[in-house]
>>> print(open('upload31.txt').read())   # compact mmCIF, C-alpha atoms
# COMPACT_ATOMS: atom_id res chain seq x y z
CA MET A 1 -48.27 4.17 -0.83
CA ILE A 2 -51.79 5.64 -0.76
CA ILE A 3 -52.08 9.34 -1.44
CA LEU A 4 -55.47 10.73 -0.51
CA GLY A 5 -54.96 14.28 -1.72
CA GLU A 6 -56.13 15.58 -5.06
CA ILE A 7 -54.68 17.96 -7.63
CA ILE A 8 -57.18 20.25 -9.33
CA ALA A 9 -56.31 22.29 -12.41
CA VAL A 10 -58.58 25.25 -13.18
CA HIS A 11 -58.40 25.91 -16.91
CA SER A 12 -60.31 27.61 -19.72
CA TYR A 13 -60.11 28.08 -23.47
CA LYS A 14 -60.29 31.86 -23.39
CA GLY A 15 -58.97 34.44 -20.97
CA GLY A 16 -61.26 36.45 -18.70
CA THR A 17 -63.61 33.56 -17.93
CA GLY A 18 -63.01 33.86 -14.17
CA LYS A 19 -60.43 31.14 -13.57
CA THR A 20 -58.45 33.09 -11.01
CA ILE A 21 -61.49 34.27 -9.04
CA LEU A 22 -62.81 30.71 -9.03
CA SER A 23 -59.40 29.25 -8.01
CA VAL A 24 -58.94 31.69 -5.13
CA ASN A 25 -62.49 31.30 -3.83
CA LEU A 26 -62.39 27.55 -4.28
CA ALA A 27 -59.20 27.43 -2.19
CA ALA A 28 -60.73 29.67 0.50
CA THR A 29 -63.93 27.56 0.58
CA LEU A 30 -61.98 24.30 0.87
CA VAL A 31 -60.03 25.81 3.80
CA LYS A 32 -63.37 26.83 5.37
CA HIS A 33 -64.45 23.19 5.00
CA GLY A 34 -61.43 22.09 7.02
CA LYS A 35 -59.09 21.14 4.18
CA ASN A 36 -55.39 21.92 3.85
CA VAL A 37 -54.89 23.65 0.53
CA CYS A 38 -52.00 24.89 -1.56
CA LEU A 39 -53.01 27.28 -4.33
CA MET A 40 -50.52 27.75 -7.16
CA ASP A 41 -50.31 30.41 -9.84
CA LEU A 42 -49.22 28.57 -12.98
CA ASP A 43 -50.23 31.46 -15.22
CA PHE A 44 -46.66 32.57 -15.85
CA ARG A 45 -47.71 34.85 -18.72
CA ALA A 46 -50.11 36.91 -16.63
CA PRO A 47 -49.46 36.26 -12.92
CA SER A 48 -52.30 37.41 -10.62
CA LEU A 49 -52.07 35.79 -7.20
CA SER A 50 -49.27 38.06 -5.96
CA THR A 51 -51.63 41.04 -6.46
CA ILE A 52 -54.68 39.27 -5.02
CA PHE A 53 -52.79 38.21 -1.88
CA LYS A 54 -50.88 41.51 -1.79
CA ILE A 55 -47.45 39.90 -1.74
CA GLU A 56 -45.03 42.14 -3.59
CA LYS A 57 -41.81 40.32 -2.93
CA ALA A 58 -41.20 36.64 -2.44
CA GLU A 59 -37.85 35.06 -1.69
CA TYR A 60 -38.62 32.31 -4.17
CA TRP A 61 -41.28 32.00 -6.86
CA LEU A 62 -42.77 28.94 -8.53
CA ASN A 63 -40.57 29.94 -11.49
CA ASP A 64 -37.55 29.05 -9.30
CA TYR A 65 -39.04 25.68 -8.32
CA LEU A 66 -39.70 24.79 -11.95
CA ASN A 67 -36.21 26.00 -12.91
CA GLY A 68 -34.86 23.56 -10.34
CA THR A 69 -33.15 26.26 -8.27
CA CYS A 70 -35.14 25.66 -5.07
CA GLU A 71 -37.29 23.03 -3.45
CA ILE A 72 -41.06 23.47 -3.21
CA ASP A 73 -41.15 24.31 0.51
CA LYS A 74 -39.18 27.51 -0.25
CA ALA A 75 -41.57 28.52 -3.02
CA ILE A 76 -44.84 28.35 -1.09
CA ILE A 77 -46.00 30.95 1.41
CA ASP A 78 -47.98 30.20 4.57
CA LEU A 79 -51.13 32.34 4.74
CA ARG A 80 -52.65 30.74 7.85
CA ASP A 81 -52.52 34.02 9.78
CA ARG A 82 -54.88 35.63 7.25
CA PHE A 83 -57.49 32.90 7.62
CA ASN A 84 -58.77 32.35 11.13
CA ASN A 85 -58.99 28.67 10.58
CA GLU A 86 -57.30 25.54 11.78
CA SER A 87 -56.69 24.36 8.23
CA LYS A 88 -53.77 25.65 6.28
CA LEU A 89 -53.69 27.72 3.12
CA PHE A 90 -50.39 28.09 1.33
CA VAL A 91 -49.85 29.90 -1.92
CA GLY A 92 -47.21 29.49 -4.62
CA LEU A 93 -46.73 32.59 -6.76
CA ALA A 94 -45.67 33.19 -10.34
CA ASN A 95 -43.13 35.99 -10.64
CA PRO A 96 -44.98 39.03 -12.06
CA ALA A 97 -41.81 40.87 -13.21
CA THR A 98 -41.80 41.49 -16.98
CA GLU A 99 -38.37 39.92 -17.32
CA ALA A 100 -39.57 36.74 -15.57
CA ILE A 101 -42.63 36.56 -17.85
CA ARG A 102 -40.40 36.95 -20.90
CA GLU A 103 -38.03 34.31 -19.63
CA MET A 104 -40.85 31.82 -18.99
CA SER A 105 -42.30 32.39 -22.48
CA ALA A 106 -38.99 31.44 -24.10
CA LYS A 107 -38.54 28.02 -22.50
CA ASP A 108 -37.84 25.09 -24.79
CA ARG A 109 -39.33 21.58 -24.94
CA LYS A 110 -36.66 20.06 -22.74
CA TRP A 111 -37.31 22.62 -20.03
CA GLU A 112 -41.05 22.02 -20.28
CA MET A 113 -40.44 18.29 -19.96
CA ARG A 114 -38.43 18.80 -16.77
CA ALA A 115 -41.10 21.22 -15.51
CA LEU A 116 -43.68 18.46 -15.99
CA GLY A 117 -41.49 16.14 -13.91
CA ARG A 118 -41.31 18.75 -11.14
CA LEU A 119 -45.08 19.28 -11.20
CA LEU A 120 -45.65 15.53 -11.01
CA ALA A 121 -43.27 15.39 -8.04
CA LEU A 122 -45.60 17.71 -6.06
CA ARG A 123 -47.94 14.77 -5.57
CA HIS A 124 -45.41 13.30 -3.17
CA SER A 125 -43.73 16.41 -1.79
CA LEU A 126 -46.96 18.27 -0.94
CA LEU A 127 -49.90 15.84 -0.91
CA ASN A 128 -48.04 13.06 0.80
CA ASP A 129 -45.19 14.56 2.82
CA LYS A 130 -46.80 17.89 3.78
CA ASP A 131 -50.34 16.56 4.26
CA PHE A 132 -52.09 18.90 1.88
CA ASP A 133 -55.56 17.69 0.89
CA TYR A 134 -55.76 19.74 -2.29
CA LEU A 135 -53.38 21.43 -4.70
CA ILE A 136 -55.14 23.94 -6.91
CA PHE A 137 -53.43 25.05 -10.12
CA ASP A 138 -54.60 28.34 -11.61
CA THR A 139 -53.48 28.08 -15.25
CA SER A 140 -53.03 30.16 -18.41
CA PRO A 141 -55.93 30.01 -20.85
CA GLY A 142 -55.75 27.92 -24.02
CA LEU A 143 -53.16 25.41 -25.12
CA GLN A 144 -50.07 26.83 -23.42
CA TYR A 145 -47.27 24.47 -22.47
CA SER A 146 -47.54 25.36 -18.77
CA SER A 147 -51.30 24.74 -18.79
CA ILE A 148 -51.02 21.37 -20.50
CA ASN A 149 -48.32 20.38 -17.99
CA ALA A 150 -50.77 21.32 -15.22
CA ILE A 151 -53.58 19.34 -16.86
CA VAL A 152 -51.41 16.24 -17.25
CA THR A 153 -50.47 16.48 -13.55
CA ALA A 154 -54.03 17.03 -12.29
CA ASP A 155 -56.57 14.46 -11.09
CA LEU A 156 -59.48 16.76 -11.89
CA VAL A 157 -59.71 19.55 -14.46
CA ILE A 158 -62.30 22.24 -13.81
CA VAL A 159 -63.01 23.98 -17.10
CA VAL A 160 -64.39 27.46 -16.68
CA THR A 161 -66.48 28.58 -19.62
CA THR A 162 -68.90 31.37 -20.44
CA LEU A 163 -71.80 31.23 -22.87
CA ASP A 164 -69.84 33.29 -25.41
CA ARG A 165 -70.00 31.37 -28.72
CA SER A 166 -66.27 31.41 -29.47
CA ASP A 167 -65.58 30.26 -25.91
CA VAL A 168 -68.16 27.44 -26.18
CA GLU A 169 -66.77 26.23 -29.52
CA GLY A 170 -63.14 26.40 -28.33
CA THR A 171 -63.94 24.67 -25.03
CA ARG A 172 -65.83 21.90 -26.85
CA ARG A 173 -62.82 21.29 -29.10
CA MET A 174 -60.45 21.36 -26.14
CA LEU A 175 -62.53 18.74 -24.33
CA ARG A 176 -62.28 16.31 -27.25
CA GLU A 177 -58.77 17.10 -28.42
CA LEU A 178 -56.97 17.70 -25.15
CA TYR A 179 -58.61 16.44 -21.97
CA ASP A 180 -60.00 13.27 -23.58
CA LEU A 181 -56.60 12.37 -25.04
CA PHE A 182 -55.08 12.54 -21.56
CA GLU A 183 -58.10 10.66 -20.12
CA LYS A 184 -58.70 13.42 -17.58
CA LYS A 185 -61.67 13.67 -15.27
CA THR A 186 -63.18 16.94 -16.45
CA GLU A 187 -66.02 19.00 -15.00
CA ILE A 188 -67.53 22.19 -16.38
CA THR A 189 -68.22 25.38 -14.49
CA VAL A 190 -70.22 27.93 -16.41
CA ASN A 191 -69.49 31.46 -15.29
CA LYS A 192 -71.26 34.80 -15.87
CA VAL A 193 -74.60 33.12 -16.66
CA LEU A 194 -77.24 35.77 -17.26
CA CYS A 195 -80.42 33.70 -16.95
CA ALA A 196 -79.51 31.68 -13.85
CA SER A 197 -81.66 33.67 -11.43
CA THR A 198 -84.75 31.52 -12.09
CA LYS A 199 -84.82 27.75 -11.68
CA SER A 200 -86.22 27.15 -15.17
CA GLY A 201 -83.56 29.41 -16.71
CA LYS A 202 -80.86 27.59 -14.79
CA ASP A 203 -82.19 24.15 -15.79
CA GLU A 204 -82.34 25.20 -19.42
CA VAL A 205 -78.72 26.38 -19.46
CA GLN A 206 -77.57 23.27 -17.60
CA THR A 207 -79.25 20.92 -20.11
CA LYS A 208 -77.80 22.90 -23.01
CA ILE A 209 -74.29 22.81 -21.51
CA LYS A 210 -74.45 19.06 -20.84
CA GLU A 211 -75.57 18.47 -24.44
CA ILE A 212 -72.82 20.60 -25.92
CA TYR A 213 -69.93 19.32 -23.84
CA GLN A 214 -71.07 15.79 -22.93
CA ALA A 215 -69.37 16.36 -19.58
CA PRO A 216 -70.71 16.84 -16.02
CA VAL A 217 -71.53 20.36 -14.85
CA LEU A 218 -69.87 21.18 -11.54
CA GLY A 219 -71.48 24.55 -11.07
CA MET A 220 -73.26 27.47 -12.68
CA ILE A 221 -72.31 30.92 -11.53
CA PRO A 222 -74.57 33.88 -12.37
CA CYS A 223 -73.11 37.17 -13.48
CA PHE A 224 -72.71 39.07 -10.19
CA CYS A 225 -71.98 42.78 -10.50
CA GLU A 226 -70.69 42.74 -6.91
CA VAL A 227 -67.84 40.45 -7.95
CA SER A 228 -66.70 42.87 -10.67
CA MET A 229 -67.19 45.81 -8.31
CA ALA A 230 -64.92 44.18 -5.74
CA GLU A 231 -62.10 44.67 -8.31
CA GLY A 232 -60.29 41.61 -6.97
CA ALA A 233 -59.37 43.58 -3.86
CA PHE A 234 -60.51 40.89 -1.43
CA ILE A 235 -61.45 37.23 -1.33
CA PHE A 236 -65.16 37.31 -1.96
CA THR A 237 -66.29 34.15 -0.18
CA GLN A 238 -64.27 35.12 2.88
CA GLU A 239 -65.55 38.70 3.09
CA LYS A 240 -69.17 37.96 2.07
CA PRO A 241 -70.22 34.73 3.80
CA ASP A 242 -73.92 35.26 3.01
CA HIS A 243 -73.55 36.15 -0.66
CA PRO A 244 -75.08 33.70 -3.22
CA LEU A 245 -71.62 33.19 -4.75
CA THR A 246 -70.34 31.89 -1.39
CA LYS A 247 -73.24 29.44 -1.29
CA ILE A 248 -72.54 28.25 -4.86
CA LEU A 249 -68.86 27.71 -3.94
CA ASP A 250 -69.98 25.70 -0.90
CA GLU A 251 -72.03 23.46 -3.22
CA ILE A 252 -69.11 23.09 -5.66
CA VAL A 253 -66.77 22.09 -2.82
CA LYS A 254 -69.30 19.53 -1.52
CA LYS A 255 -69.51 18.01 -5.02
CA ILE A 256 -65.70 17.87 -5.31
CA GLU A 257 -65.41 16.17 -1.93
CA ASN A 258 -68.19 13.67 -2.73
CA ASN A 259 -66.68 12.84 -6.14
CA LYS A 260 -63.29 12.30 -4.52
CA ALA A 261 -64.76 9.98 -1.91
CA MET B 1 -23.40 -25.02 3.89
CA THR B 2 -23.23 -28.81 3.49
CA LYS B 3 -22.06 -30.43 0.26
CA GLN B 4 -25.58 -31.67 -0.43
CA GLU B 5 -27.01 -28.14 -0.01
CA ALA B 6 -24.37 -26.72 -2.35
CA LEU B 7 -25.19 -29.32 -4.97
CA GLY B 8 -28.90 -28.53 -4.58
CA LYS B 9 -28.33 -24.80 -5.11
CA LYS B 10 -26.41 -25.15 -8.36
CA PRO B 11 -29.31 -26.31 -10.56
CA THR B 12 -31.50 -23.52 -9.10
CA GLN B 13 -28.89 -20.90 -10.00
CA MET B 14 -28.57 -22.37 -13.48
CA LEU B 15 -32.33 -22.27 -13.97
CA LYS B 16 -32.38 -18.65 -12.80
CA LYS B 17 -29.66 -17.78 -15.31
CA ILE B 18 -31.54 -19.56 -18.11
CA ARG B 19 -34.71 -17.64 -17.18
CA GLU B 20 -32.86 -14.31 -17.21
CA ASN B 21 -31.39 -15.05 -20.63
CA LEU B 22 -34.76 -16.14 -22.00
CA GLU B 23 -36.32 -12.90 -20.78
CA LYS B 24 -33.56 -10.84 -22.39
CA LEU B 25 -34.06 -12.78 -25.62
CA ASN B 26 -37.80 -12.23 -25.41
CA GLU B 27 -37.34 -8.48 -25.06
CA LYS B 28 -34.98 -8.37 -28.03
CA LEU B 29 -37.55 -10.26 -30.09
CA GLU B 30 -40.26 -7.81 -29.02
CA ILE B 31 -38.10 -4.91 -30.22
CA ILE B 32 -37.49 -6.61 -33.58
CA ILE B 33 -41.21 -7.34 -33.97
CA GLU B 34 -42.10 -3.72 -33.11
CA MET B 35 -39.53 -2.34 -35.56
CA GLN B 36 -40.76 -4.62 -38.36
CA LYS B 37 -44.37 -3.73 -37.62
CA HIS B 38 -43.56 -0.09 -38.24
CA GLY B 39 -41.31 -0.78 -41.23
CA ARG B 40 -38.26 0.35 -39.30
CA GLY B 41 -36.19 -2.81 -39.60
CA ASP B 42 -33.29 -1.04 -41.23
CA VAL B 43 -32.96 2.01 -38.98
CA GLN B 44 -31.09 2.62 -35.76
CA PRO B 45 -32.87 3.89 -32.63
CA LEU B 46 -33.60 7.61 -32.90
CA PRO B 47 -31.55 10.10 -30.89
CA GLU B 48 -33.03 11.25 -27.58
CA ALA B 49 -36.30 13.11 -28.01
CA PRO B 50 -37.85 14.98 -25.07
CA LEU B 51 -41.06 13.49 -23.77
CA ASP B 52 -42.90 16.78 -23.35
CA VAL B 53 -46.68 17.26 -23.34
CA MET B 54 -46.85 18.31 -27.00
CA THR B 55 -45.03 15.10 -27.97
CA LEU B 56 -47.45 13.16 -25.76
CA LEU B 57 -50.39 14.84 -27.50
CA SER B 58 -49.16 13.89 -30.96
CA MET B 59 -48.57 10.22 -30.08
CA PRO B 60 -50.94 7.41 -31.02
CA ASP B 61 -53.36 6.66 -28.16
CA HIS B 62 -51.83 3.30 -27.21
CA LEU B 63 -48.33 4.75 -26.82
CA ARG B 64 -49.55 7.88 -25.01
CA LYS B 65 -51.15 5.73 -22.33
CA THR B 66 -47.88 3.87 -21.73
CA ALA B 67 -45.75 7.04 -21.83
CA MET B 68 -48.06 8.90 -19.42
CA THR B 69 -47.92 5.99 -16.99
CA VAL B 70 -44.11 6.06 -16.99
CA CYS B 71 -44.23 9.86 -16.48
CA ARG B 72 -46.47 9.37 -13.45
CA LEU B 73 -44.53 6.46 -11.96
CA GLY B 74 -41.13 8.01 -12.67
CA ARG B 75 -39.41 4.67 -13.16
CA ALA B 76 -41.19 1.42 -13.82
CA THR B 77 -41.00 -2.13 -15.14
CA ALA B 78 -43.31 -3.40 -17.87
CA GLU B 79 -45.17 -5.33 -15.15
CA GLU B 80 -45.78 -2.14 -13.10
CA VAL B 81 -46.96 -0.22 -16.18
CA ALA B 82 -49.26 -3.11 -17.13
CA GLN B 83 -50.84 -3.02 -13.65
CA GLN B 84 -51.76 0.64 -14.17
CA THR B 85 -52.95 0.40 -17.76
CA ARG B 86 -54.64 -2.98 -17.26
CA ARG B 87 -53.06 -4.30 -20.43
CA ALA B 88 -50.91 -7.42 -20.77
CA ARG B 89 -47.29 -7.23 -19.63
CA ALA B 90 -46.03 -8.41 -23.03
CA VAL B 91 -48.07 -5.69 -24.76
CA GLU B 92 -46.65 -3.00 -22.46
CA SER B 93 -43.16 -4.39 -22.92
CA GLY B 94 -43.55 -3.95 -26.68
CA TYR B 95 -44.83 -0.36 -26.34
CA LEU B 96 -42.11 0.54 -23.81
CA ASN B 97 -39.39 -0.78 -26.08
CA GLN B 98 -40.90 1.13 -28.97
CA LEU B 99 -40.75 4.32 -26.89
CA VAL B 100 -37.08 3.54 -26.16
CA ILE B 101 -36.41 3.13 -29.90
CA MET B 102 -38.17 6.46 -30.53
CA GLY B 103 -35.78 8.08 -28.04
CA HIS B 104 -38.49 9.08 -25.53
CA LEU B 105 -37.60 6.62 -22.76
CA LYS B 106 -34.44 5.13 -21.35
CA LYS B 107 -34.06 1.55 -20.27
CA GLU B 108 -31.84 0.21 -17.54
CA ARG B 109 -31.40 -3.39 -16.52
CA LYS B 110 -30.94 -4.30 -12.86
CA GLY B 111 -30.59 -8.02 -12.32
CA ARG B 112 -33.57 -9.70 -13.91
CA LYS B 113 -35.64 -6.54 -14.12
CA ALA B 114 -35.67 -3.88 -16.85
CA TYR B 115 -36.64 -0.40 -15.70
CA PHE B 116 -37.99 2.27 -18.02
CA TYR B 117 -37.77 5.98 -17.24
CA VAL B 118 -37.82 9.47 -18.74
CA ASP B 119 -34.28 10.77 -18.78
CA LYS B 120 -34.65 14.34 -17.54
CA GLU B 121 -31.04 15.05 -16.65
CA ASP B 122 -29.19 14.15 -19.85
CA GLN B 123 -31.48 16.19 -21.99
CA GLY B 124 -30.64 19.59 -20.57
>>> encode(input="upload31.txt", output="structure tokens")
Amino acid sequence: MIILGEIIAVHSYKGGTGKTILSVNLAATLVKHGKNVCLMDLDFRAPSLSTIFKIEKAEYWLNDYLNGTCEIDKAIIDLRDRFNNESKLFVGLANPATEAIREMSAKDRKWEMRALGRLLALRHSLLNDKDFDYLIFDTSPGLQYSSINAIVTADLVIVVTTLDRSDVEGTRRMLRELYDLFEKKTEITVNKVLCASTKSGKDEVQTKIKEIYQAPVLGMIPCFCEVSMAEGAFIFTQEKPDHPLTKILDEIVKKIENNKA
Amino acid sequence: MTKQEALGKKPTQMLKKIRENLEKLNEKLEIIIEMQKHGRGDVQPLPEAPLDVMTLLSMPDHLRKTAMTVCRLGRATAEEVAQQTRRARAVESGYLNQLVIMGHLKKERKGRKAYFYVDKEDQG
């Protein structure tokens, strides 16, 4: 059986690097490019997508799917009506209730092993049976169980990093001691770059990043005040089609599609 | 079936049986070799140990590759694992049996084929 879809995990060493903003905008851009996408919040310690998509109550959460109490089609929500597009965008949410977060933090190894099995099963249930082209996993930062499960399941890991020294050092270690061990295709996205407005500044940072990480750079995103000012209240690339960030996301999506082909 | 056909089938069945037994014997030898290699000739297989990502991370590279392939395939023969890892079937068979001894995989025989899988249900 040939499965043409791809699973992308968006991960980082530290929190606050922009994983969620990148995941959401990446999903929206892929939909704009005619792809069927399912975006999943696997950050069970700090769920965000329910707030971003303004969904307060869900009948089932991804927590339920991983607990084995429902099938995946119950735990994903159709958002096609919000995107005037022929392609589909579904979203799977992590339960933001404090009790659910506490419960997910206390899972044991056996549960995590079964959760890995259920994540691996998505390749067939969503990519194959439901015709999704991409599954995007937004993960918890660092070496959390849920994040490593997501990385093991993924075909491509997009590592979001900033130029902060502790982030750079941690990301470098993670590349060698985590992604390499699982033989994962890994690409770097540098976020909040301050000197990316000029071409020479951008080239300099890109060369430096390639040298440090010895991994391909998928994209470089300048520090845009407008993104912070939006306060996560809307999907940037959807609301601001002419903004430079939207153009950068378009380029990133083109690269992902070319690499897949 | 004519008498001649029946007589012709018997040696084929016998050869099949001999082949099955030789393969079983071969697998047992591979397990013994693996256990001796790791100085474990005197110990019994370990109790079930969950094959979670942290366990995968702490494994030697050669075993991780085999274990990850079984995780992805769900249930596989040594031949199927070898196709994915591009290593020899006999090598994979040795690694798979070692993972069974370590308690990370289960093994089930169906006819001539031995299937390896991660037992998710019994470990809850």
>>> interface_residues(input="upload31.txt", of="chain B", to="chain A", cutoff="6 Å", atoms="only C-alpha atoms", output="ChimeraX atom specification")
/B:50,52,120
>>> residues_around(input="upload31.txt", residues="region 94-107 of chain A", least_positions_apart="4", cutoff="6 Å", atoms="all atoms listed in the file", output="compact mmCIF listing (two decimals) with C-alpha atoms, in the frame of the given file")
# COMPACT_ATOMS: atom_id res chain seq x y z
CA ASP A 41 -50.31 30.41 -9.84
CA PHE A 44 -46.66 32.57 -15.85
CA ARG A 45 -47.71 34.85 -18.72
CA PRO A 47 -49.46 36.26 -12.92
CA TRP A 61 -41.28 32.00 -6.86
CA LEU A 62 -42.77 28.94 -8.53
>>> closest_residue(input="upload31.txt", among="A:Asn259, A:Ser200, A:Thr162, A:Thr171", to="Lys185 (chain A)", atoms="all atoms listed in the file")
A:Asn259
>>> residues_around(input="upload31.txt", residues="Gly74 (chain B)", least_positions_apart="2", cutoff="9 Å", atoms="all atoms listed in the file", output="ChimeraX atom specification")
/A:117,120-121 /B:69-72,76,116-118
>>> atom_distance(input="upload31.txt", atom1="CA of Glu80 (chain B)", atom2="CA of Thr12 (chain B)")
26.0 Å
>>> atom_distance(input="upload31.txt", atom1="CA of Ser93 (chain B)", atom2="CA of Lys17 (chain B)")
20.5 Å
>>> closest_residue(input="upload31.txt", among="A:Phe234, A:Tyr13, A:Phe132, A:Phe224", to="Arg165 (chain A)", atoms="only C-alpha atoms")
A:Tyr13
>>> atom_distance(input="upload31.txt", atom1="CA of Gly201 (chain A)", atom2="CA of Pro222 (chain A)")
10.9 Å
>>> closest_residue(input="upload31.txt", among="B:Gln83, B:Ser58, B:Asn97, B:Gln13", to="Glu27 (chain B)", atoms="all atoms listed in the file")
B:Asn97
>>> residues_around(input="upload31.txt", residues="Ala90 (chain B)", least_positions_apart="6", cutoff="10 Å", atoms="all atoms listed in the file", output="ChimeraX atom specification")
/B:26-27,30,78-79,82,96
>>> residues_near_point(input="upload31.txt", point="(-39.9, 5.6, -28.3)", cutoff="12 Å", atoms="only C-alpha atoms", output="PDB file with C-alpha atoms, keeping the file's coordinate frame")
ATOM      1  CA  ILE B  31     -38.100  -4.910 -30.220  1.00  0.00           C
ATOM      2  CA  GLU B  34     -42.100  -3.720 -33.110  1.00  0.00           C
ATOM      3  CA  MET B  35     -39.530  -2.340 -35.560  1.00  0.00           C
ATOM      4  CA  GLN B  44     -31.090   2.620 -35.760  1.00  0.00           C
ATOM      5  CA  PRO B  45     -32.870   3.890 -32.630  1.00  0.00           C
ATOM      6  CA  LEU B  46     -33.600   7.610 -32.900  1.00  0.00           C
ATOM      7  CA  PRO B  47     -31.550  10.100 -30.890  1.00  0.00           C
ATOM      8  CA  GLU B  48     -33.030  11.250 -27.580  1.00  0.00           C
ATOM      9  CA  ALA B  49     -36.300  13.110 -28.010  1.00  0.00           C
ATOM     10  CA  PRO B  50     -37.850  14.980 -25.070  1.00  0.00           C
ATOM     11  CA  LEU B  51     -41.060  13.490 -23.770  1.00  0.00           C
ATOM     12  CA  THR B  55     -45.030  15.100 -27.970  1.00  0.00           C
ATOM     13  CA  LEU B  56     -47.450  13.160 -25.760  1.00  0.00           C
ATOM     14  CA  MET B  59     -48.570  10.220 -30.080  1.00  0.00           C
ATOM     15  CA  PRO B  60     -50.940   7.410 -31.020  1.00  0.00           C
ATOM     16  CA  LEU B  63     -48.330   4.750 -26.820  1.00  0.00           C
ATOM     17  CA  ARG B  64     -49.550   7.880 -25.010  1.00  0.00           C
ATOM     18  CA  THR B  66     -47.880   3.870 -21.730  1.00  0.00           C
ATOM     19  CA  ALA B  67     -45.750   7.040 -21.830  1.00  0.00           C
ATOM     20  CA  SER B  93     -43.160  -4.390 -22.920  1.00  0.00           C
ATOM     21  CA  GLY B  94     -43.550  -3.950 -26.680  1.00  0.00           C
ATOM     22  CA  TYR B  95     -44.830  -0.360 -26.340  1.00  0.00           C
ATOM     23  CA  LEU B  96     -42.110   0.540 -23.810  1.00  0.00           C
ATOM     24  CA  ASN B  97     -39.390  -0.780 -26.080  1.00  0.00           C
ATOM     25  CA  GLN B  98     -40.900   1.130 -28.970  1.00  0.00           C
ATOM     26  CA  LEU B  99     -40.750   4.320 -26.890  1.00  0.00           C
ATOM     27  CA  VAL B 100     -37.080   3.540 -26.160  1.00  0.00           C
ATOM     28  CA  ILE B 101     -36.410   3.130 -29.900  1.00  0.00           C
ATOM     29  CA  MET B 102     -38.170   6.460 -30.530  1.00  0.00           C
ATOM     30  CA  GLY B 103     -35.780   8.080 -28.040  1.00  0.00           C
ATOM     31  CA  HIS B 104     -38.490   9.080 -25.530  1.00  0.00           C
ATOM     32  CA  LEU B 105     -37.600   6.620 -22.760  1.00  0.00           C
ATOM     33  CA  LYS B 106     -34.440   5.130 -21.350  1.00  0.00           C
ATOM     34  CA  LYS B 107     -34.060   1.550 -20.270  1.00  0.00           C
ATOM     35  CA  PHE B 116     -37.990   2.270 -18.020  1.00  0.00           C
ATOM     36  CA  TYR B 117     -37.770   5.980 -17.240  1.00  0.00           C
ATOM     37  CA  VAL B 118     -37.820   9.470 -18.740  1.00  0.00           C
TER      38      VAL B 118
END
>>> residues_around(input="upload31.txt", residues="Asn128 (chain A)", least_positions_apart="4", cutoff="12 Å", atoms="only C-alpha atoms", output="PyMOL selection string")
chain A and resi 1-7+36+121-124+132-135
>>> write_last_selection(input="upload31.txt", atoms="C-alpha atoms", output="tab-separated table (two decimals), keeping the file's coordinate frame")
chain	number	residue	atom	x	y	z
A	1	MET	CA	-48.27	4.17	-0.83
A	2	ILE	CA	-51.79	5.64	-0.76
A	3	ILE	CA	-52.08	9.34	-1.44
A	4	LEU	CA	-55.47	10.73	-0.51
A	5	GLY	CA	-54.96	14.28	-1.72
A	6	GLU	CA	-56.13	15.58	-5.06
A	7	ILE	CA	-54.68	17.96	-7.63
A	36	ASN	CA	-55.39	21.92	3.85
A	121	ALA	CA	-43.27	15.39	-8.04
A	122	LEU	CA	-45.60	17.71	-6.06
A	123	ARG	CA	-47.94	14.77	-5.57
A	124	HIS	CA	-45.41	13.30	-3.17
A	132	PHE	CA	-52.09	18.90	1.88
A	133	ASP	CA	-55.56	17.69	0.89
A	134	TYR	CA	-55.76	19.74	-2.29
A	135	LEU	CA	-53.38	21.43	-4.70
>>> residues_around(input="upload31.txt", residues="region 242-253 of chain A", least_positions_apart="2", cutoff="12 Å", atoms="all atoms listed in the file", output="ChimeraX atom specification")
/A:8,21-35,134,158,187-192,196-197,217-227,235-240,255-260
>>> closest_residue(input="upload31.txt", among="B:Lys16, B:Lys9, B:Arg75, B:Lys28", to="Glu108 (chain B)", atoms="all atoms listed in the file")
B:Arg75
>>> closest_residue(input="upload31.txt", among="A:Ser228, A:Glu169, A:Val160, A:Ile209", to="Ser140 (chain A)", atoms="only C-alpha atoms")
A:Val160
